[in-house]
file entry-v1.tsv (TSV, C-alpha atoms and all ligand atoms)
chain	number	residue	atom	x	y	z
A	1	MET	CA	26.17	-28.06	17.90
A	2	PRO	CA	23.95	-28.78	20.95
A	3	TYR	CA	22.41	-25.31	20.67
A	4	PRO	CA	21.90	-24.53	16.96
A	5	VAL	CA	21.35	-20.88	16.10
A	6	ASN	CA	18.18	-21.61	14.20
A	7	GLN	CA	15.70	-24.45	14.51
A	8	PRO	CA	12.38	-24.21	12.66
A	9	LEU	CA	9.14	-25.47	14.22
A	10	ILE	CA	7.03	-27.77	12.06
A	11	ASP	CA	4.35	-29.10	14.37
A	12	GLY	CA	0.92	-28.62	12.78
A	13	ASN	CA	-0.90	-29.66	9.62
A	14	GLU	CA	2.23	-29.63	7.44
A	15	LEU	CA	2.32	-33.39	6.92
A	16	ASN	CA	-1.44	-33.65	6.27
A	17	TYR	CA	-1.35	-30.97	3.63
A	18	LEU	CA	1.79	-32.37	1.99
A	19	LYS	CA	0.12	-35.78	1.89
A	20	GLU	CA	-2.81	-34.19	0.11
A	21	CYS	CA	-0.42	-32.79	-2.54
A	22	ILE	CA	1.13	-36.21	-3.11
A	23	GLU	CA	-2.18	-38.05	-3.16
A	24	THR	CA	-3.79	-35.63	-5.60
A	25	GLY	CA	-0.67	-35.29	-7.76
A	26	TRP	CA	-0.61	-31.48	-7.40
A	27	ILE	CA	3.07	-30.87	-6.83
A	28	SER	CA	3.95	-28.08	-9.28
A	29	SER	CA	2.95	-24.45	-9.03
A	30	GLU	CA	-0.50	-25.42	-10.21
A	31	GLY	CA	-2.65	-26.73	-7.42
A	32	PRO	CA	-5.05	-25.37	-4.83
A	33	PHE	CA	-2.65	-24.61	-1.98
A	34	VAL	CA	-0.86	-21.81	-3.86
A	35	GLU	CA	-3.97	-19.66	-4.17
A	36	ARG	CA	-5.12	-20.63	-0.71
A	37	PHE	CA	-1.78	-19.57	0.78
A	38	GLU	CA	-1.90	-16.28	-1.15
A	39	ARG	CA	-5.41	-15.63	0.16
A	40	ASP	CA	-4.51	-16.62	3.75
A	41	VAL	CA	-1.53	-14.26	3.90
A	42	ALA	CA	-3.31	-11.35	2.19
A	43	ALA	CA	-6.29	-11.74	4.54
A	44	TYR	CA	-4.06	-11.91	7.63
A	45	VAL	CA	-2.12	-8.81	6.65
A	46	GLY	CA	-5.10	-6.96	5.24
A	47	ARG	CA	-4.00	-6.47	1.64
A	48	ALA	CA	-6.04	-6.70	-1.55
A	49	HIS	CA	-3.62	-8.93	-3.45
A	50	SER	CA	-0.66	-11.23	-2.99
A	51	VAL	CA	1.60	-13.32	-5.23
A	52	ALA	CA	3.53	-16.34	-3.95
A	53	VAL	CA	7.07	-16.74	-5.28
A	54	THR	CA	10.19	-18.83	-4.75
A	55	SER	CA	11.98	-16.61	-2.21
A	56	GLY	CA	12.10	-13.23	-0.57
A	57	THR	CA	14.93	-12.32	-2.92
A	58	ALA	CA	12.72	-13.17	-5.93
A	59	ALA	CA	9.93	-11.09	-4.36
A	60	LEU	CA	12.26	-8.07	-4.15
A	61	HIS	CA	13.38	-8.57	-7.76
A	62	LEU	CA	9.77	-8.64	-8.98
A	63	ALA	CA	8.85	-5.70	-6.76
A	64	PHE	CA	11.59	-3.46	-8.19
A	65	ASP	CA	10.71	-4.57	-11.72
A	66	ALA	CA	7.03	-3.75	-11.13
A	67	LEU	CA	7.80	-0.16	-10.09
A	68	ARG	CA	8.89	0.52	-13.71
A	69	LEU	CA	11.43	3.15	-12.65
A	70	PRO	CA	13.47	4.88	-15.35
A	71	PRO	CA	17.11	3.74	-15.63
A	72	GLY	CA	19.41	5.77	-13.39
A	73	SER	CA	16.75	6.17	-10.70
A	74	GLU	CA	18.08	6.17	-7.16
A	75	VAL	CA	16.63	3.90	-4.50
A	76	ILE	CA	17.34	4.79	-0.87
A	77	MET	CA	17.78	1.92	1.55
A	78	PRO	CA	19.71	1.21	4.74
A	79	ALA	CA	23.13	-0.40	4.40
A	80	PHE	CA	22.38	-2.67	7.34
A	81	THR	CA	20.31	-5.33	5.60
A	82	ILE	CA	20.65	-8.45	3.48
A	83	ILE	CA	22.14	-8.34	-0.03
A	84	SER	CA	18.74	-9.36	-1.48
A	85	CYS	CA	17.58	-5.77	-1.01
A	86	ALA	CA	20.08	-4.51	-3.60
A	87	SER	CA	20.88	-7.51	-5.77
A	88	ALA	CA	18.29	-6.80	-8.49
A	89	LEU	CA	19.21	-3.14	-8.92
A	90	PRO	CA	22.13	-3.39	-11.40
A	91	GLU	CA	20.08	-5.55	-13.79
A	92	LEU	CA	17.23	-3.03	-13.69
A	93	GLY	CA	19.55	-0.05	-14.21
A	94	LEU	CA	18.81	1.34	-10.75
A	95	VAL	CA	21.26	2.91	-8.30
A	96	PRO	CA	21.21	2.07	-4.59
A	97	VAL	CA	21.83	4.93	-2.15
A	98	PHE	CA	22.74	3.55	1.24
A	99	VAL	CA	21.94	5.26	4.51
A	100	ASP	CA	22.89	4.39	8.07
A	101	VAL	CA	20.74	2.89	10.84
A	102	ASP	CA	20.10	3.58	14.49
A	103	GLU	CA	22.56	1.56	16.54
A	104	ASN	CA	19.92	0.50	19.07
A	105	THR	CA	16.94	-0.41	16.87
A	106	PHE	CA	19.08	-1.56	13.89
A	107	ASN	CA	16.52	0.24	11.70
A	108	THR	CA	16.85	3.32	9.55
A	109	ASN	CA	14.78	6.46	10.14
A	110	VAL	CA	13.18	9.38	8.35
A	111	GLU	CA	16.00	11.89	9.03
A	112	LEU	CA	18.62	9.62	7.49
A	113	ILE	CA	16.42	8.95	4.46
A	114	GLU	CA	15.43	12.59	3.95
A	115	ALA	CA	19.08	13.68	3.91
A	116	ALA	CA	19.77	11.26	1.03
A	117	ILE	CA	17.01	12.46	-1.31
A	118	THR	CA	18.19	13.91	-4.64
A	119	PRO	CA	16.28	14.81	-7.83
A	120	LYS	CA	17.00	11.26	-9.05
A	121	THR	CA	15.45	9.54	-6.02
A	122	LYS	CA	12.42	7.52	-7.06
A	123	ALA	CA	11.91	4.92	-4.33
A	124	ILE	CA	12.70	3.95	-0.76
A	125	LEU	CA	13.19	0.40	0.48
A	126	VAL	CA	12.56	-0.08	4.19
A	127	PRO	CA	13.35	-3.40	5.84
A	128	HIS	CA	12.24	-4.14	9.39
A	129	ILE	CA	15.36	-5.51	11.04
A	130	TYR	CA	15.66	-8.27	13.67
A	131	GLY	CA	12.18	-7.89	15.22
A	132	LEU	CA	11.34	-4.20	15.66
A	133	PRO	CA	9.45	-2.39	12.92
A	134	VAL	CA	10.79	0.78	11.37
A	135	ASP	CA	9.00	3.98	12.44
A	136	LEU	CA	7.04	4.05	9.19
A	137	ASP	CA	4.57	6.94	9.46
A	138	PRO	CA	7.14	9.73	9.01
A	139	ILE	CA	8.78	7.79	6.16
A	140	LEU	CA	5.48	7.21	4.36
A	141	ASP	CA	4.69	10.89	4.79
A	142	LEU	CA	8.10	11.88	3.39
A	143	ALA	CA	7.57	9.54	0.44
A	144	ARG	CA	4.16	11.07	-0.30
A	145	ARG	CA	5.56	14.60	-0.22
A	146	HIS	CA	8.35	13.68	-2.65
A	147	GLY	CA	6.32	11.35	-4.87
A	148	LEU	CA	8.50	8.34	-3.99
A	149	LYS	CA	7.45	4.69	-4.09
A	150	VAL	CA	7.95	2.60	-0.97
A	151	ILE	CA	8.89	-1.07	-0.89
A	152	GLU	CA	8.42	-2.54	2.56
A	153	ASP	CA	10.67	-5.52	3.23
A	154	ALA	CA	8.77	-7.34	5.96
A	155	ALA	CA	10.71	-10.60	5.54
A	156	GLU	CA	11.59	-10.64	9.25
A	157	ALA	CA	8.34	-9.13	10.44
A	158	ILE	CA	5.41	-11.31	9.40
A	159	GLY	CA	3.01	-11.18	12.35
A	160	GLN	CA	4.64	-8.02	13.77
A	161	THR	CA	2.58	-4.83	13.95
A	162	TYR	CA	3.27	-1.10	13.74
A	163	TRP	CA	0.86	0.94	15.86
A	164	GLY	CA	-1.36	-2.17	15.85
A	165	LYS	CA	-1.41	-2.62	12.07
A	166	GLN	CA	0.25	-5.60	10.39
A	167	CYS	CA	3.73	-5.23	8.92
A	168	GLY	CA	3.45	-6.03	5.22
A	169	SER	CA	0.47	-3.70	4.86
A	170	PHE	CA	2.40	-0.44	4.47
A	171	GLY	CA	4.42	-0.39	1.24
A	172	ASP	CA	3.21	0.37	-2.25
A	173	ILE	CA	4.66	-3.11	-2.49
A	174	SER	CA	5.50	-5.24	0.55
A	175	ILE	CA	7.32	-8.55	0.63
A	176	PHE	CA	7.75	-11.56	2.90
A	177	SER	CA	10.28	-14.39	2.94
A	178	PHE	CA	9.47	-17.92	4.05
A	179	TYR	CA	13.01	-19.16	4.59
A	180	PRO	CA	13.16	-21.57	7.58
A	181	ASN	CA	14.37	-18.91	10.02
A	182	LYS	CA	11.27	-16.74	9.44
A	183	HIS	CA	8.10	-17.05	11.55
A	184	VAL	CA	6.30	-18.69	8.63
A	185	THR	CA	8.34	-21.05	6.49
A	186	THR	CA	7.78	-22.96	3.28
A	187	GLY	CA	11.36	-24.27	3.15
A	188	GLU	CA	12.14	-21.65	0.52
A	189	GLY	CA	9.57	-19.12	-0.55
A	190	GLY	CA	8.40	-15.54	-0.61
A	191	MET	CA	5.38	-13.36	-1.22
A	192	ILE	CA	4.57	-9.96	-2.66
A	193	LEU	CA	1.64	-7.92	-1.40
A	194	ALA	CA	0.09	-4.85	-2.98
A	195	ASP	CA	-3.25	-3.18	-3.46
A	196	ASP	CA	-2.76	-1.88	-7.02
A	197	PRO	CA	-4.10	-4.49	-9.50
A	198	GLU	CA	-1.77	-3.26	-12.25
A	199	ILE	CA	1.29	-3.88	-10.10
A	200	ILE	CA	0.00	-7.32	-9.24
A	201	ALA	CA	-0.73	-8.13	-12.90
A	202	ARG	CA	2.83	-7.16	-13.82
A	203	ILE	CA	4.24	-9.31	-11.00
A	204	ARG	CA	2.16	-12.35	-11.99
A	205	PHE	CA	3.25	-11.90	-15.60
A	206	MET	CA	6.96	-11.62	-14.82
A	207	ARG	CA	6.83	-14.42	-12.21
A	208	ASN	CA	5.75	-16.78	-14.96
A	209	LEU	CA	8.29	-16.15	-17.75
A	210	ALA	CA	6.21	-13.30	-19.24
A	211	PHE	CA	4.06	-15.64	-21.28
A	212	ASP	CA	1.84	-13.87	-23.81
A	213	SER	CA	-1.74	-14.15	-22.58
A	214	GLN	CA	-3.11	-14.74	-26.12
A	215	ARG	CA	-0.54	-17.02	-27.66
A	216	ARG	CA	1.57	-19.27	-25.45
A	217	TYR	CA	5.36	-19.43	-26.06
A	218	ILE	CA	5.51	-15.90	-27.42
A	219	HIS	CA	7.39	-13.47	-25.19
A	220	ALA	CA	7.50	-9.72	-25.70
A	221	GLU	CA	9.58	-9.45	-22.54
A	222	LEU	CA	11.98	-11.63	-20.57
A	223	GLY	CA	10.52	-12.78	-17.29
A	224	TRP	CA	11.63	-15.31	-14.72
A	225	ASN	CA	10.35	-18.56	-13.29
A	226	TYR	CA	9.69	-17.50	-9.72
A	227	ARG	CA	6.63	-19.72	-9.20
A	228	MET	CA	6.03	-21.25	-5.76
A	229	THR	CA	5.09	-24.94	-5.80
A	230	ASN	CA	1.92	-26.41	-4.34
A	231	LEU	CA	4.14	-28.39	-1.94
A	232	GLN	CA	5.69	-25.20	-0.56
A	233	ALA	CA	2.30	-23.50	-0.33
A	234	ALA	CA	0.90	-26.52	1.53
A	235	LEU	CA	3.57	-25.98	4.18
A	236	GLY	CA	2.74	-22.29	4.21
A	237	CYS	CA	-0.98	-22.87	4.79
A	238	ALA	CA	-0.19	-25.09	7.78
A	239	GLN	CA	2.29	-22.53	9.10
A	240	MET	CA	-0.15	-19.61	8.81
A	241	GLU	CA	-2.51	-21.45	11.16
A	242	LYS	CA	0.17	-21.06	13.85
A	243	LEU	CA	1.43	-17.55	13.17
A	244	PRO	CA	-0.05	-15.87	16.28
A	245	ARG	CA	1.29	-18.70	18.44
A	246	ASN	CA	4.69	-18.42	16.77
A	247	VAL	CA	4.90	-14.68	17.42
A	248	GLU	CA	4.06	-15.25	21.08
A	249	LEU	CA	6.71	-17.96	21.23
A	250	LYS	CA	9.31	-15.56	19.79
A	251	ARG	CA	8.41	-13.02	22.46
A	252	LYS	CA	8.79	-15.68	25.14
A	253	ILE	CA	12.24	-16.57	23.84
A	254	GLY	CA	13.21	-12.88	23.84
A	255	ALA	CA	11.85	-12.29	27.34
A	256	ALA	CA	13.68	-15.33	28.70
A	257	TYR	CA	17.00	-14.03	27.34
A	258	ASN	CA	16.28	-10.48	28.55
A	259	ASN	CA	15.76	-11.91	32.01
A	260	ALA	CA	18.80	-14.12	32.03
A	261	LEU	CA	21.22	-11.64	30.41
A	262	GLY	CA	19.99	-8.40	31.95
A	263	ASP	CA	22.96	-8.00	34.26
A	264	VAL	CA	25.77	-8.91	31.85
A	265	GLU	CA	28.22	-6.04	31.78
A	266	GLY	CA	29.27	-4.96	28.29
A	267	LEU	CA	26.52	-6.76	26.40
A	268	ARG	CA	23.81	-4.59	24.82
A	269	LEU	CA	20.50	-6.44	24.61
A	270	PRO	CA	17.70	-5.77	22.11
A	271	ILE	CA	15.12	-3.08	22.90
A	272	ALA	CA	12.01	-4.81	24.25
A	273	GLN	CA	9.49	-2.12	23.39
A	274	THR	CA	9.14	1.10	21.38
A	275	ASP	CA	6.19	3.52	21.25
A	276	PHE	CA	4.70	1.62	18.35
A	277	ALA	CA	5.66	-2.02	18.81
A	278	GLU	CA	6.75	-4.79	21.12
A	279	ASN	CA	9.84	-6.62	19.85
A	280	ILE	CA	9.21	-10.04	18.32
A	281	TYR	CA	12.93	-10.95	18.37
A	282	TRP	CA	13.11	-12.40	14.87
A	283	VAL	CA	16.60	-13.17	16.10
A	284	TYR	CA	17.94	-12.48	19.57
A	285	ALA	CA	20.54	-9.90	18.58
A	286	VAL	CA	23.23	-8.62	20.96
A	287	VAL	CA	26.01	-6.06	20.55
A	288	LEU	CA	29.35	-5.94	22.37
A	289	GLU	CA	29.88	-2.58	24.06
A	290	ASP	CA	33.24	-0.84	23.68
A	291	THR	CA	34.22	-2.02	27.17
A	292	ILE	CA	34.54	-5.58	25.82
A	293	ASN	CA	38.01	-6.11	24.47
A	294	ALA	CA	36.98	-8.33	21.55
A	295	ASP	CA	34.93	-8.22	18.38
A	296	ALA	CA	31.97	-10.42	17.49
A	297	SER	CA	34.11	-12.99	15.64
A	298	GLN	CA	36.23	-13.67	18.73
A	299	VAL	CA	33.26	-14.01	21.07
A	300	MET	CA	31.38	-16.16	18.57
A	301	ALA	CA	34.34	-18.51	18.22
A	302	ALA	CA	34.47	-18.90	22.00
A	303	LEU	CA	30.72	-19.55	22.18
A	304	GLY	CA	31.01	-22.14	19.40
A	305	LYS	CA	33.56	-24.04	21.47
A	306	HIS	CA	30.89	-24.34	24.16
A	307	GLY	CA	28.27	-25.56	21.69
A	308	VAL	CA	26.37	-22.29	21.27
A	309	GLY	CA	25.56	-21.53	17.63
A	310	THR	CA	25.71	-17.88	16.59
A	311	ARG	CA	25.53	-15.79	13.43
A	312	HIS	CA	27.21	-12.54	12.48
A	313	PHE	CA	25.08	-9.46	11.92
A	314	PHE	CA	24.63	-8.25	8.36
A	315	TYR	CA	27.73	-6.95	6.62
A	316	PRO	CA	26.90	-3.44	5.36
A	317	LEU	CA	25.87	-3.22	1.73
A	318	HIS	CA	28.04	-0.17	0.94
A	319	MET	CA	31.07	-2.38	1.75
A	320	GLN	CA	30.02	-5.38	-0.34
A	321	PRO	CA	32.69	-6.10	-2.98
A	322	ALA	CA	30.02	-7.06	-5.53
A	323	LEU	CA	28.28	-3.71	-5.16
A	324	ILE	CA	31.48	-1.62	-5.05
A	325	ASN	CA	32.35	-3.26	-8.40
A	326	ARG	CA	29.11	-1.96	-9.91
A	327	TYR	CA	28.95	1.37	-8.08
A	328	PRO	CA	32.57	2.47	-7.46
A	329	SER	CA	31.67	5.59	-5.47
A	330	LEU	CA	30.57	3.29	-2.62
A	331	ALA	CA	34.23	2.61	-1.92
A	332	THR	CA	34.63	5.87	0.00
A	333	GLN	CA	31.28	5.89	1.80
A	334	ARG	CA	31.32	5.53	5.59
A	335	LEU	CA	28.27	4.57	7.65
A	336	PRO	CA	29.59	4.22	11.20
A	337	ASN	CA	26.64	2.57	12.91
A	338	SER	CA	26.17	-0.10	10.24
A	339	GLU	CA	29.90	-0.77	10.24
A	340	LYS	CA	30.10	-1.00	14.00
A	341	LEU	CA	27.11	-3.32	14.21
A	342	ALA	CA	28.72	-5.64	11.66
A	343	GLU	CA	31.87	-5.76	13.75
A	344	ARG	CA	30.36	-6.03	17.23
A	345	GLY	CA	26.96	-7.66	16.75
A	346	PHE	CA	25.86	-11.28	16.58
A	347	TYR	CA	22.79	-13.31	17.38
A	348	VAL	CA	22.30	-16.36	19.51
A	349	PRO	CA	20.01	-19.43	19.32
A	350	SER	CA	16.47	-18.10	18.93
A	351	GLY	CA	14.70	-20.28	16.35
A	352	LEU	CA	11.08	-21.21	16.98
A	353	GLY	CA	12.03	-24.86	17.38
A	354	MET	CA	14.51	-24.24	20.19
A	355	ASN	CA	13.89	-25.59	23.66
A	356	LEU	CA	13.00	-22.69	25.97
A	357	ASN	CA	14.43	-24.67	28.86
A	358	ASP	CA	17.88	-24.36	27.26
A	359	ILE	CA	17.93	-20.58	27.60
A	360	PRO	CA	19.28	-20.45	31.18
A	361	GLU	CA	22.17	-22.76	30.24
A	362	ILE	CA	22.92	-20.88	27.00
A	363	SER	CA	22.79	-17.58	28.90
A	364	GLN	CA	25.19	-18.90	31.52
A	365	ILE	CA	27.65	-19.88	28.77
A	366	ILE	CA	27.32	-16.40	27.24
A	367	LYS	CA	28.01	-14.77	30.62
A	368	ASP	CA	31.06	-16.94	31.26
A	369	VAL	CA	32.46	-16.33	27.79
A	370	ILE	CA	31.93	-12.55	27.91
A	371	ARG	CA	33.68	-12.39	31.26
A	372	GLU	CA	36.80	-13.84	29.64
A	373	PHE	CA	37.27	-10.76	27.43
B	401	LIG	C1	15.43	-13.33	4.73
B	401	LIG	C2	15.39	-11.95	4.17
B	401	LIG	C3	15.26	-11.69	2.80
B	401	LIG	C4	15.45	-12.73	1.73
B	401	LIG	O1	14.61	-13.79	1.73
B	401	LIG	P1	15.03	-15.17	1.04
B	401	LIG	O2	13.72	-15.91	1.07
B	401	LIG	O3	16.07	-15.81	1.88
B	401	LIG	O4	15.47	-14.88	-0.34
B	401	LIG	C5	15.07	-10.38	2.37
B	401	LIG	N1	15.08	-9.37	3.25
B	401	LIG	C6	15.26	-9.56	4.57
B	401	LIG	C7	15.24	-8.39	5.47
B	401	LIG	C8	15.44	-10.86	5.08
B	401	LIG	O5	15.65	-11.05	6.38
call {"tool": "encode", "arguments": {"input": "entry-v1.tsv", "output": "structure tokens"}}
result
Amino acid sequence: MPYPVNQPLIDGNELNYLKECIETGWISSEGPFVERFERDVAAYVGRAHSVAVTSGTAALHLAFDALRLPPGSEVIMPAFTIISCASALPELGLVPVFVDVDENTFNTNVELIEAAITPKTKAILVPHIYGLPVDLDPILDLARRHGLKVIEDAAEAIGQTYWGKQCGSFGDISIFSFYPNKHVTTGEGGMILADDPEIIARIRFMRNLAFDSQRRYIHAELGWNYRMTNLQAALGCAQMEKLPRNVELKRKIGAAYNNALGDVEGLRLPIAQTDFAENIYWVYAVVLEDTINADASQVMAALGKHGVGTRHFFYPLHMQPALINRYPSLATQRLPNSEKLAERGFYVPSGLGMNLNDIPEISQIIKDVIREF
């Protein structure tokens, strides 16, 4: 594929720091880069504490565990997000309640969440999707009024701000992912941020197999091994040094596409700006308007033939076979915007490592392909 959909950018101190790991022998989760990376991220975002883990999915698992919600508790979240948001819930005895999203921002909103609150609701999970932050203030206010915990999934939004304040600073617990398509990557990795020391203590305990602090190899509970290695953290420290540059680069990629694709009939482009944020285009996400006589799969296949890599949008969680198996009432739920986005949305090459000079050519291919439908 001449134009891959995602290409990470590894162009700073990564090799120097990795060399240091090898030369000092610190390759496991013990070693100085892990704490340094935790401190770097917490300081950047402005949080008291952070815990590095093996993935964003692991971070969400630990976050839900740390809320200590009674079995049967309902957790409201948008359907238009990655499976990681819901995958820990069955094991913890929790029930996901899916709400729809706005078809232009791809994010959920306070009205949709408020309408889903029941006496069993105990928490809200809000992911920031594809580069624009959720309008958080009204949601945080709603949560306060109803005594609900908020998990902020900022996996796609490290370096993004909401009214000038860093994403990842808003949830009772917030999480990041460092998968290679995120603005900061450690190959695989994640982080949990919180201000409450008890939550952080619980997360550190469960991240490390729930070892008894007095007598090793005794376990009163069953934890997991979600420890990040020093090698991954070394990459992360090098990547954090470039985060502001990376965010600017993302905005340049987005602006270049906005420019080149602005006049394509039938193609809805991402919103560049809201009251509270400028898009960082985690991915450059487009939606086919109803005037286009094709769905995303057909257009993506045609683009692939011309060497342009693409990805489908998320497939809504209320339609996931694995979740319908666990929560049969999902089978009849309908969330039209999430469903439509899954059918008509896709994203195009927008990784940090892409060549900006390719955007005019990629855009021309997109225009030519769209015209065929
Ligand atoms: C990438 C992502 C995750 C999962 O992170 P992994 O590190 O891949 O496990 C979770 N939530 C959102 C919104 C994501 O985009």
call {"tool": "atom_distance", "arguments": {"input": "entry-v1.tsv", "atom1": "atom CA of Leu67 of chain A", "atom2": "atom CA of His183 of chain A"}}
result
27.5 Å
call {"tool": "closest_residue", "arguments": {"input": "entry-v1.tsv", "among": "A:Pro133, A:Gly236, A:Gly351, A:Gly56", "to": "ligand LIG 401 (chain B)", "atoms": "all atoms listed in the file"}}
result
A:Gly56
call {"tool": "closest_residue", "arguments": {"input": "entry-v1.tsv", "among": "A:Leu269, A:Ala255, A:Ile175, A:Val97", "to": "ligand LIG 401 (chain B)", "atoms": "all atoms listed in the file"}}
result
A:Ile175
call {"tool": "atom_distance", "arguments": {"input": "entry-v1.tsv", "atom1": "atom CA of Trp224 of chain A", "atom2": "atom CA of Arg207 of chain A"}}
result
5.5 Å
call {"tool": "residues_near_ligand", "arguments": {"input": "entry-v1.tsv", "ligand": "ligand LIG 401 (chain B)", "cutoff": "7 Å", "atoms": "only C-alpha atoms and all ligand atoms", "output": "ChimeraX atom specification"}}
result
/A:55-58,81-82,84-85,127-129,153-156,177-179,188-190
call {"tool": "atom_distance", "arguments": {"input": "entry-v1.tsv", "atom1": "atom CA of Ile253 of chain A", "atom2": "atom CA of Leu193 of chain A"}}
result
28.7 Å
call {"tool": "residues_around", "arguments": {"input": "entry-v1.tsv", "residues": "Pro360 of chain A", "least_positions_apart": "5", "cutoff": "10 Å", "atoms": "all atoms listed in the file", "output": "number ranges by chain"}}
result
A: 256-257, 259-261, 365-366
call {"tool": "closest_residue", "arguments": {"input": "entry-v1.tsv", "among": "A:Leu243, A:Ala123, A:Ala234, A:Ala86", "to": "Lys19 of chain A", "atoms": "only C-alpha atoms"}}
result
A:Ala234
call {"tool": "closest_residue", "arguments": {"input": "entry-v1.tsv", "among": "A:Phe64, A:Tyr17, A:Tyr284, A:Phe211", "to": "Gly31 of chain A", "atoms": "only C-alpha atoms"}}
result
A:Tyr17
call {"tool": "residues_near_point", "arguments": {"input": "entry-v1.tsv", "point": "(23.2, 4.4, 0.6)", "cutoff": "12 Å", "atoms": "all atoms listed in the file", "output": "JSON, numbers by chain"}}
result
{"A": [74, 75, 76, 77, 78, 79, 80, 81, 85, 86, 95, 96, 97, 98, 99, 100, 101, 108, 112, 113, 114, 115, 116, 117, 118, 121, 124, 125, 316, 317, 318, 319, 320, 323, 324, 327, 329, 330, 331, 332, 333, 334, 335, 338]}
call {"tool": "write_last_selection", "arguments": {"input": "entry-v1.tsv", "atoms": "C-alpha atoms", "output": "CSV table (one decimal), in the frame of the given file"}}
result
chain,number,residue,atom,x,y,z
A,74,GLU,CA,18.1,6.2,-7.2
A,75,VAL,CA,16.6,3.9,-4.5
A,76,ILE,CA,17.3,4.8,-0.9
A,77,MET,CA,17.8,1.9,1.6
A,78,PRO,CA,19.7,1.2,4.7
A,79,ALA,CA,23.1,-0.4,4.4
A,80,PHE,CA,22.4,-2.7,7.3
A,81,THR,CA,20.3,-5.3,5.6
A,85,CYS,CA,17.6,-5.8,-1.0
A,86,ALA,CA,20.1,-4.5,-3.6
A,95,VAL,CA,21.3,2.9,-8.3
A,96,PRO,CA,21.2,2.1,-4.6
A,97,VAL,CA,21.8,4.9,-2.2
A,98,PHE,CA,22.7,3.6,1.2
A,99,VAL,CA,21.9,5.3,4.5
A,100,ASP,CA,22.9,4.4,8.1
A,101,VAL,CA,20.7,2.9,10.8
A,108,THR,CA,16.8,3.3,9.6
A,112,LEU,CA,18.6,9.6,7.5
A,113,ILE,CA,16.4,9.0,4.5
A,114,GLU,CA,15.4,12.6,4.0
A,115,ALA,CA,19.1,13.7,3.9
A,116,ALA,CA,19.8,11.3,1.0
A,117,ILE,CA,17.0,12.5,-1.3
A,118,THR,CA,18.2,13.9,-4.6
A,121,THR,CA,15.4,9.5,-6.0
A,124,ILE,CA,12.7,4.0,-0.8
A,125,LEU,CA,13.2,0.4,0.5
A,316,PRO,CA,26.9,-3.4,5.4
A,317,LEU,CA,25.9,-3.2,1.7
A,318,HIS,CA,28.0,-0.2,0.9
A,319,MET,CA,31.1,-2.4,1.8
A,320,GLN,CA,30.0,-5.4,-0.3
A,323,LEU,CA,28.3,-3.7,-5.2
A,324,ILE,CA,31.5,-1.6,-5.0
A,327,TYR,CA,29.0,1.4,-8.1
A,329,SER,CA,31.7,5.6,-5.5
A,330,LEU,CA,30.6,3.3,-2.6
A,331,ALA,CA,34.2,2.6,-1.9
A,332,THR,CA,34.6,5.9,0.0
A,333,GLN,CA,31.3,5.9,1.8
A,334,ARG,CA,31.3,5.5,5.6
A,335,LEU,CA,28.3,4.6,7.6
A,338,SER,CA,26.2,-0.1,10.2
